[in-house]
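File shown: coords_3.cif. Contents: mmCIF, C-alpha atoms and all ligand atoms.
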data_upload
#
loop_
_atom_site.label_atom_id
_atom_site.label_comp_id
_atom_site.auth_asym_id
_atom_site.auth_seq_id
_atom_site.Cartn_x
_atom_site.Cartn_y
_atom_site.Cartn_z
CA MET A 1 -77.16 4.11 87.88
CA ARG A 2 -79.49 6.63 86.27
CA ARG A 3 -78.43 6.46 82.64
CA GLU A 4 -81.12 7.97 80.48
CA ALA A 5 -81.67 7.99 76.76
CA SER A 6 -81.72 11.37 75.08
CA GLY A 7 -84.35 13.31 73.25
CA ARG A 8 -87.48 12.36 75.14
CA THR A 9 -90.18 14.61 73.73
CA ASP A 10 -93.19 12.67 74.94
CA GLY A 11 -93.87 14.56 78.14
CA ALA A 12 -92.27 15.36 81.45
CA PRO A 13 -92.03 12.69 84.14
CA ALA A 14 -95.17 12.39 86.24
CA ALA A 15 -93.13 12.81 89.39
CA ASN A 16 -89.72 14.44 89.43
CA PRO A 17 -87.43 12.85 92.02
CA ASN A 18 -84.65 15.37 91.49
CA GLY A 19 -86.07 18.57 92.83
CA PHE A 20 -86.88 20.30 89.55
CA PRO A 21 -90.48 21.43 89.17
CA VAL A 22 -92.52 19.26 86.82
CA ARG A 23 -93.82 21.12 83.79
CA PRO A 24 -94.82 20.22 80.23
CA ALA A 25 -91.87 19.05 78.15
CA MET A 26 -90.58 21.00 75.16
CA ALA A 27 -91.76 24.40 76.33
CA ARG A 28 -88.51 25.65 74.77
CA MET A 29 -85.95 26.66 77.35
CA HIS A 30 -84.07 29.96 77.22
CA VAL A 31 -80.36 29.51 76.53
CA LEU A 32 -77.91 32.25 77.53
CA VAL A 33 -74.23 32.09 76.67
CA ASN A 34 -71.88 34.17 78.80
CA ALA A 35 -68.10 34.39 78.56
CA ALA A 36 -65.20 36.76 79.11
CA THR A 37 -62.70 37.42 76.35
CA SER A 38 -59.60 39.47 75.72
CA VAL A 39 -59.87 42.27 73.16
CA ASP A 40 -58.68 39.76 70.55
CA GLY A 41 -61.47 37.32 71.42
CA LYS A 42 -59.50 34.77 73.44
CA LEU A 43 -61.04 32.87 76.35
CA ALA A 44 -57.62 31.90 77.71
CA SER A 45 -54.00 31.78 76.60
CA ARG A 46 -52.54 28.99 74.46
CA ARG A 47 -51.75 27.16 77.71
CA ARG A 48 -55.52 26.84 78.23
CA GLU A 49 -55.16 27.65 81.91
CA GLN A 50 -57.90 29.65 83.56
CA LEU A 51 -57.35 33.35 82.91
CA THR A 52 -58.95 36.05 85.05
CA ILE A 53 -60.42 38.47 82.53
CA SER A 54 -63.44 39.76 84.46
CA GLY A 55 -63.13 42.23 87.32
CA PRO A 56 -65.22 42.30 90.51
CA GLU A 57 -68.21 44.04 88.89
CA ASP A 58 -68.38 41.49 86.10
CA PHE A 59 -67.93 38.51 88.42
CA ALA A 60 -70.80 39.88 90.55
CA ARG A 61 -72.93 40.15 87.39
CA VAL A 62 -72.03 36.56 86.46
CA ASP A 63 -73.01 35.42 89.95
CA ARG A 64 -76.41 37.11 89.56
CA LEU A 65 -76.85 35.52 86.15
CA ARG A 66 -76.04 32.06 87.57
CA ALA A 67 -78.53 32.66 90.38
CA SER A 68 -81.24 33.48 87.85
CA CYS A 69 -80.82 30.17 86.01
CA ASP A 70 -81.91 26.59 86.63
CA ALA A 71 -78.65 25.12 85.36
CA VAL A 72 -75.15 26.19 84.35
CA MET A 73 -73.40 24.25 81.58
CA VAL A 74 -69.80 23.90 80.37
CA GLY A 75 -67.92 21.52 78.09
CA VAL A 76 -65.53 18.99 79.56
CA GLY A 77 -62.61 20.99 78.12
CA THR A 78 -63.46 23.71 80.62
CA VAL A 79 -63.75 21.19 83.45
CA LEU A 80 -60.32 19.76 82.62
CA ALA A 81 -58.74 23.22 82.25
CA ASP A 82 -60.39 25.15 85.10
CA ASP A 83 -61.95 22.64 87.52
CA PRO A 84 -64.84 25.09 88.05
CA SER A 85 -67.47 24.74 90.75
CA LEU A 86 -70.10 26.72 88.79
CA THR A 87 -71.88 27.62 92.02
CA VAL A 88 -73.53 30.87 93.09
CA LYS A 89 -71.06 32.53 95.46
CA ASP A 90 -73.14 35.30 97.11
CA ASP A 91 -75.08 33.95 100.11
CA ASP A 92 -77.81 36.56 99.61
CA LEU A 93 -78.44 35.28 96.08
CA VAL A 94 -78.60 31.72 97.44
CA ALA A 95 -81.14 32.84 100.05
CA GLU A 96 -83.21 34.60 97.38
CA ARG A 97 -83.31 31.37 95.33
CA GLU A 98 -84.53 29.46 98.37
CA ALA A 99 -87.15 32.13 99.12
CA ARG A 100 -88.45 31.62 95.56
CA GLY A 101 -88.80 27.90 96.31
CA GLU A 102 -85.82 26.96 94.15
CA SER A 103 -82.88 24.75 95.01
CA PRO A 104 -80.10 26.74 96.72
CA GLN A 105 -77.86 26.28 93.70
CA PRO A 106 -78.52 25.81 90.00
CA ALA A 107 -77.64 22.37 88.65
CA ARG A 108 -74.25 21.95 86.94
CA VAL A 109 -74.23 20.34 83.49
CA VAL A 110 -71.15 19.04 81.66
CA ALA A 111 -71.16 18.09 77.95
CA ASP A 112 -68.72 15.21 78.08
CA SER A 113 -69.06 12.80 75.13
CA HIS A 114 -66.36 10.43 76.37
CA ALA A 115 -67.00 10.69 80.11
CA ARG A 116 -63.64 12.36 80.83
CA THR A 117 -64.82 14.38 83.83
CA PRO A 118 -62.55 13.39 86.74
CA PRO A 119 -64.60 11.81 89.55
CA ASP A 120 -63.06 14.31 91.99
CA ALA A 121 -63.91 17.35 89.84
CA ALA A 122 -65.39 20.27 91.78
CA VAL A 123 -68.36 20.27 89.44
CA LEU A 124 -69.39 16.88 90.87
CA ASP A 125 -69.20 17.91 94.52
CA ASP A 126 -72.26 17.86 96.76
CA ARG A 127 -72.92 21.59 96.67
CA ALA A 128 -75.41 21.19 93.82
CA ARG A 129 -76.91 18.65 91.50
CA SER A 130 -74.58 17.54 88.67
CA VAL A 131 -75.64 16.21 85.30
CA VAL A 132 -73.05 14.76 82.90
CA LEU A 133 -74.14 14.36 79.28
CA VAL A 134 -72.29 11.48 77.60
CA ALA A 135 -72.47 9.83 74.18
CA ASP A 136 -73.93 6.37 73.76
CA ALA A 137 -70.63 5.01 72.41
CA GLU A 138 -69.02 5.61 75.79
CA PRO A 139 -68.28 2.38 77.72
CA ASP A 140 -70.56 1.82 80.69
CA GLU A 141 -67.66 1.71 83.17
CA HIS A 142 -66.75 5.35 82.44
CA ALA A 143 -70.31 6.44 83.05
CA ALA A 144 -70.49 4.21 86.12
CA ALA A 145 -67.52 6.04 87.65
CA LEU A 146 -69.33 9.35 87.18
CA ASP A 147 -72.49 7.88 88.62
CA ALA A 148 -70.53 6.66 91.66
CA ALA A 149 -69.18 10.19 92.04
CA GLY A 150 -72.75 11.45 92.42
CA ALA A 151 -73.54 12.64 88.90
CA ASP A 152 -76.73 11.99 86.96
CA VAL A 153 -75.42 10.53 83.72
CA VAL A 154 -77.59 11.21 80.69
CA VAL A 155 -76.91 9.57 77.33
CA ALA A 156 -77.36 12.09 74.56
CA GLY A 157 -76.22 11.15 71.06
CA GLY A 158 -74.17 8.43 69.40
CA ASN A 159 -70.50 9.36 69.22
CA ARG A 160 -70.81 12.93 70.46
CA VAL A 161 -73.31 14.66 72.69
CA ASP A 162 -76.31 15.68 70.60
CA LEU A 163 -77.03 19.09 72.04
CA ARG A 164 -80.59 19.41 70.76
CA GLY A 165 -81.56 16.08 72.33
CA ALA A 166 -79.63 16.89 75.50
CA LEU A 167 -81.41 20.21 75.89
CA ALA A 168 -84.73 18.44 75.38
CA ASP A 169 -83.79 16.15 78.28
CA LEU A 170 -82.82 19.10 80.47
CA ASP A 171 -86.06 20.81 79.49
CA ALA A 172 -88.01 17.72 80.56
CA MET A 173 -86.17 17.83 83.90
CA GLY A 174 -87.53 21.36 84.41
CA VAL A 175 -84.63 23.50 83.23
CA GLU A 176 -86.25 26.64 81.85
CA ARG A 177 -83.18 28.90 81.87
CA LEU A 178 -79.83 27.43 80.94
CA MET A 179 -76.63 29.45 81.26
CA VAL A 180 -73.66 28.26 79.22
CA GLU A 181 -70.22 29.49 80.30
CA GLY A 182 -68.03 27.87 77.67
CA GLY A 183 -65.68 26.94 76.37
CA GLY A 184 -65.25 27.78 72.72
CA GLU A 185 -65.99 24.30 71.34
CA LEU A 186 -69.30 24.01 73.16
CA ILE A 187 -70.33 27.59 72.38
CA PHE A 188 -69.71 27.07 68.65
CA SER A 189 -71.74 23.85 68.65
CA LEU A 190 -74.67 25.53 70.35
CA PHE A 191 -74.66 28.35 67.79
CA GLU A 192 -74.27 25.82 64.97
CA ALA A 193 -77.35 23.97 66.24
CA GLY A 194 -79.30 27.23 66.51
CA LEU A 195 -79.88 26.79 70.22
CA VAL A 196 -78.68 30.14 71.61
CA ASP A 197 -81.12 32.90 72.57
CA GLU A 198 -78.79 35.44 74.22
CA LEU A 199 -75.07 36.13 74.25
CA THR A 200 -73.21 38.29 76.74
CA VAL A 201 -69.49 38.84 76.28
CA TYR A 202 -67.34 40.73 78.73
CA VAL A 203 -64.35 42.11 76.83
CA GLY A 204 -61.51 42.79 79.24
CA SER A 205 -58.68 45.23 78.47
CA LEU A 206 -56.20 42.50 77.72
CA LEU A 207 -54.51 41.24 74.57
CA VAL A 208 -53.60 37.56 74.63
CA GLY A 209 -52.81 36.47 71.07
CA GLY A 210 -51.82 33.00 69.98
CA ARG A 211 -53.29 31.07 67.07
CA ASP A 212 -53.93 28.11 69.34
CA ALA A 213 -55.53 30.05 72.17
CA PRO A 214 -59.24 29.22 72.58
CA THR A 215 -61.67 31.81 71.27
CA LEU A 216 -65.30 32.57 72.03
CA ALA A 217 -66.44 30.22 69.26
CA ASP A 218 -64.06 27.57 67.97
CA GLY A 219 -65.21 24.32 66.35
CA ASP A 220 -65.06 24.35 62.53
CA GLY A 221 -66.25 27.95 62.34
CA PHE A 222 -68.85 29.39 60.02
CA VAL A 223 -68.16 30.32 56.39
CA SER A 224 -71.70 31.45 55.61
CA ASP A 225 -75.05 31.65 57.40
CA PHE A 226 -73.39 33.39 60.32
CA PRO A 227 -75.53 33.58 63.46
CA ASP A 228 -77.84 36.57 63.42
CA LEU A 229 -76.79 38.70 66.42
CA GLU A 230 -78.55 41.90 67.41
CA LEU A 231 -76.69 44.27 69.73
CA ALA A 232 -79.03 44.92 72.66
CA ASP A 233 -76.76 46.77 75.09
CA VAL A 234 -73.25 48.06 75.74
CA GLU A 235 -72.08 48.74 79.29
CA ARG A 236 -68.75 49.70 80.80
CA LEU A 237 -67.84 47.39 83.74
CA ASP A 238 -64.56 47.38 85.63
CA ASP A 239 -61.89 48.11 83.02
CA GLY A 240 -63.81 46.47 80.20
CA VAL A 241 -67.03 46.42 78.22
CA LEU A 242 -70.05 44.15 78.47
CA LEU A 243 -71.67 43.45 75.10
CA SER A 244 -75.19 41.99 75.18
CA TYR A 245 -76.78 40.42 72.12
CA THR A 246 -80.03 38.73 71.30
CA VAL A 247 -79.81 35.90 68.78
CA ALA A 248 -82.50 35.57 66.11
N1 LIG A 301 -62.99 33.26 79.78
C1 LIG A 301 -64.08 32.54 79.90
O1 LIG A 301 -65.19 33.08 80.09
C2 LIG A 301 -64.01 31.06 79.79
C3 LIG A 301 -62.83 30.45 79.44
N2 LIG A 301 -62.80 29.09 79.25
C4 LIG A 301 -61.56 28.51 78.74
O2 LIG A 301 -61.87 27.78 77.56
C5 LIG A 301 -60.99 26.65 77.46
C6 LIG A 301 -61.80 25.39 77.29
O3 LIG A 301 -62.55 25.48 76.09
P1 LIG A 301 -62.59 24.30 75.03
O4 LIG A 301 -61.26 23.65 74.98
O5 LIG A 301 -63.17 24.85 73.81
O6 LIG A 301 -63.54 23.23 75.71
P2 LIG A 301 -65.12 23.16 76.01
O7 LIG A 301 -65.33 23.53 77.43
O8 LIG A 301 -65.92 23.84 74.97
O9 LIG A 301 -65.35 21.58 75.92
C7 LIG A 301 -65.23 20.94 74.67
C8 LIG A 301 -65.50 19.48 74.86
O10 LIG A 301 -66.86 19.29 75.19
C9 LIG A 301 -67.25 18.03 74.74
N3 LIG A 301 -68.46 18.08 73.94
C10 LIG A 301 -69.46 17.17 74.05
N4 LIG A 301 -70.39 17.41 73.16
C11 LIG A 301 -70.00 18.47 72.43
C12 LIG A 301 -70.57 19.15 71.36
N5 LIG A 301 -71.74 18.79 70.82
N6 LIG A 301 -69.90 20.18 70.84
C13 LIG A 301 -68.72 20.58 71.36
N7 LIG A 301 -68.12 19.96 72.40
C14 LIG A 301 -68.76 18.90 72.93
C15 LIG A 301 -66.15 17.47 73.87
O11 LIG A 301 -65.47 16.50 74.62
C16 LIG A 301 -65.26 18.65 73.63
O12 LIG A 301 -63.90 18.29 73.53
C17 LIG A 301 -60.12 26.65 78.71
O13 LIG A 301 -58.90 27.26 78.40
C18 LIG A 301 -60.92 27.52 79.68
O14 LIG A 301 -60.06 28.16 80.60
C19 LIG A 301 -63.89 28.31 79.47
C20 LIG A 301 -65.07 28.87 79.86
C21 LIG A 301 -65.24 30.30 80.03
N1 LIG A 302 -67.10 35.43 83.48
C1 LIG A 302 -65.85 34.91 83.55
N2 LIG A 302 -64.78 35.71 83.60
C2 LIG A 302 -63.54 35.21 83.63
O1 LIG A 302 -62.50 36.04 83.68
C3 LIG A 302 -63.36 33.82 83.63
N3 LIG A 302 -62.10 33.29 83.68
C4 LIG A 302 -64.52 33.01 83.60
N4 LIG A 302 -64.40 31.68 83.61
C5 LIG A 302 -65.54 30.81 83.79
O2 LIG A 302 -65.88 30.68 85.16
C6 LIG A 302 -65.66 29.36 85.57
C7 LIG A 302 -65.14 29.30 86.99
O3 LIG A 302 -66.23 29.21 87.84
P1 LIG A 302 -66.08 29.02 89.44
O4 LIG A 302 -65.53 30.31 89.96
O5 LIG A 302 -65.18 27.87 89.69
O6 LIG A 302 -67.48 28.81 89.91
C8 LIG A 302 -64.67 28.83 84.59
O7 LIG A 302 -64.65 27.44 84.46
C9 LIG A 302 -65.19 29.44 83.31
O8 LIG A 302 -66.36 28.79 82.86
N5 LIG A 302 -65.74 33.56 83.55
#

Final structure tokens representation of the file:
Amino acid sequence: MRREASGRTDGAPAANPNGFPVRPAMARMHVLVNAATSVDGKLASRRREQLTISGPEDFARVDRLRASCDAVMVGVGTVLADDPSLTVKDDDLVAEREARGESPQPARVVADSHARTPPDAAVLDDRARSVVLVADAEPDEHAAALDAAGADVVVAGGNRVDLRGALADLDAMGVERLMVEGGGELIFSLFEAGLVDELTVYVGSLLVGGRDAPTLADGDGFVSDFPDLELADVERLDDGVLLSYTVA
């Protein structure tokens, strides 16, 4: 089982057996967060079932964004709720990746402190590489089940995935562009750790409501030192609006 310690900052591996190009470690990766919300900022209803908010134009944009990245990341809450594949759907985009000398699909990454990803989850299928980030406190047998399902299990943090260390590991594996698709707990933690460079939010013409429905950024929330967002673009897509921000 490949179970790695987190936070290696002492250089990239001399040879990379996993298909990522070898490059100097800690050349800081670019982190993009993308999500779709209702007008009231919800990612899904209180039932936490997958909700189709984007229309065809936005899904095509998301596919292009995935294709431009080395890895696509979600939290295990999203895996349990949506069972996403996180793959690039358009064959032309896959072909373009291959023509650039990249793997056909970006890697899938799950932040999963307690190794709760079901072994038969779509995100672990053989369409792309899968990396599951677990906490050190997690019993070896949980991680072993993920390893047996084909995932690369990376230990990152004590009781909860330490995102800064985990991103350093992904960086050392050659991930230069990381797309994060949610959910709200993971997105908040990334902002809290100051790890986000860009945020794109598609706001669909839908009102969901519900105090327990997940929002774009959940966690404990900020009470001061709010992330510094700069509005870079506004675009009408389908029956909604795409808001693009850079994060200082
Ligand atoms: N509309 C959209 O664009 C999207 C909607 N969703 C929706 O969001 C919901 C899932 O979101 P959440 O429940 O917030 O789950 P999440 O996907 O953010 O996962 C949270 C889990 O990730 C794990 N984790 C490990 N390390 C962590 C860290 N450092 N910080 C935070 N979490 C960490 C924890 O086990 C935690 O419970 C579902 O209803 C799903 O349908 C999810 C993605 C996109
Ligand atoms: N961009 C976007 N718009 C929506 O309306 C959505 N519901 C989501 N959800 C995200 O996409 C994942 C599903 O990916 P696959 O189609 O299975 O590859 C889902 O898990 C959310 O992260 N996104």

Point to revise | Residue neighbourhood Ser205 of chain A, 9 Å, all atoms listed in the file, exclusion window fewer than 3 positions, as number ranges by chain | key: A: 38-39, 53, 239-241

**Study point:** Selected residue, from A:Ala67, A:Leu207, A:Leu146, A:Leu124, that lies nearest to Ser103 of chain A when counting only C-alpha atoms
**Key:**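 Checking each of A:Ala67, A:Leu207, A:Leu146, A:Leu124 against Ser103 of chain A, counting only C-alpha atoms, the winner is A:Ala67.
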
Review point. Any idea what the distance is between atom CA of Val161 of chain A and atom CA of Ser54 of chain A?
Key: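 Between atom CA of Val161 of chain A and atom CA of Ser54 of chain A the gap works out to 29.4 Å.
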
Provide an axis-aligned box for all listed atoms of ligand LIG 302 (chain A), padding each side by 4 Å; report its centre and its edge lengths in Å to one decimal, as AutoDock Vina command-line options.
--center_x -64.8 --center_y 31.7 --center_z 86.4 --size_x 13.4 --size_y 16.6 --size_z 15.1

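Counting only C-alpha atoms and all ligand atoms, the residue from A:Ala148, A:Ala248, A:Leu242, A:Ala217 that sits nearest to ligand LIG 302 (chain A) is A:Leu242.
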
Practice item. Using all atoms listed in the file, find each residue with an atom at most 8 Å away from ligand LIG 302 (chain A) and format the answer as an NGL selection string. Key: :A and (34-37 or 43-44 or 50-55 or 58-59 or 62 or 74 or 78-79 or 81-89 or 122 or 181-183 or 202)

Practice item. Could you check how far atom CA of Asp238 of chain A sits from atom C7 of ligand LIG 301 (chain A), in Å to one decimal? Key: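 Spanning atom CA of Asp238 of chain A to atom C7 of ligand LIG 301 (chain A) is a straight-line distance of 28.6 Å.
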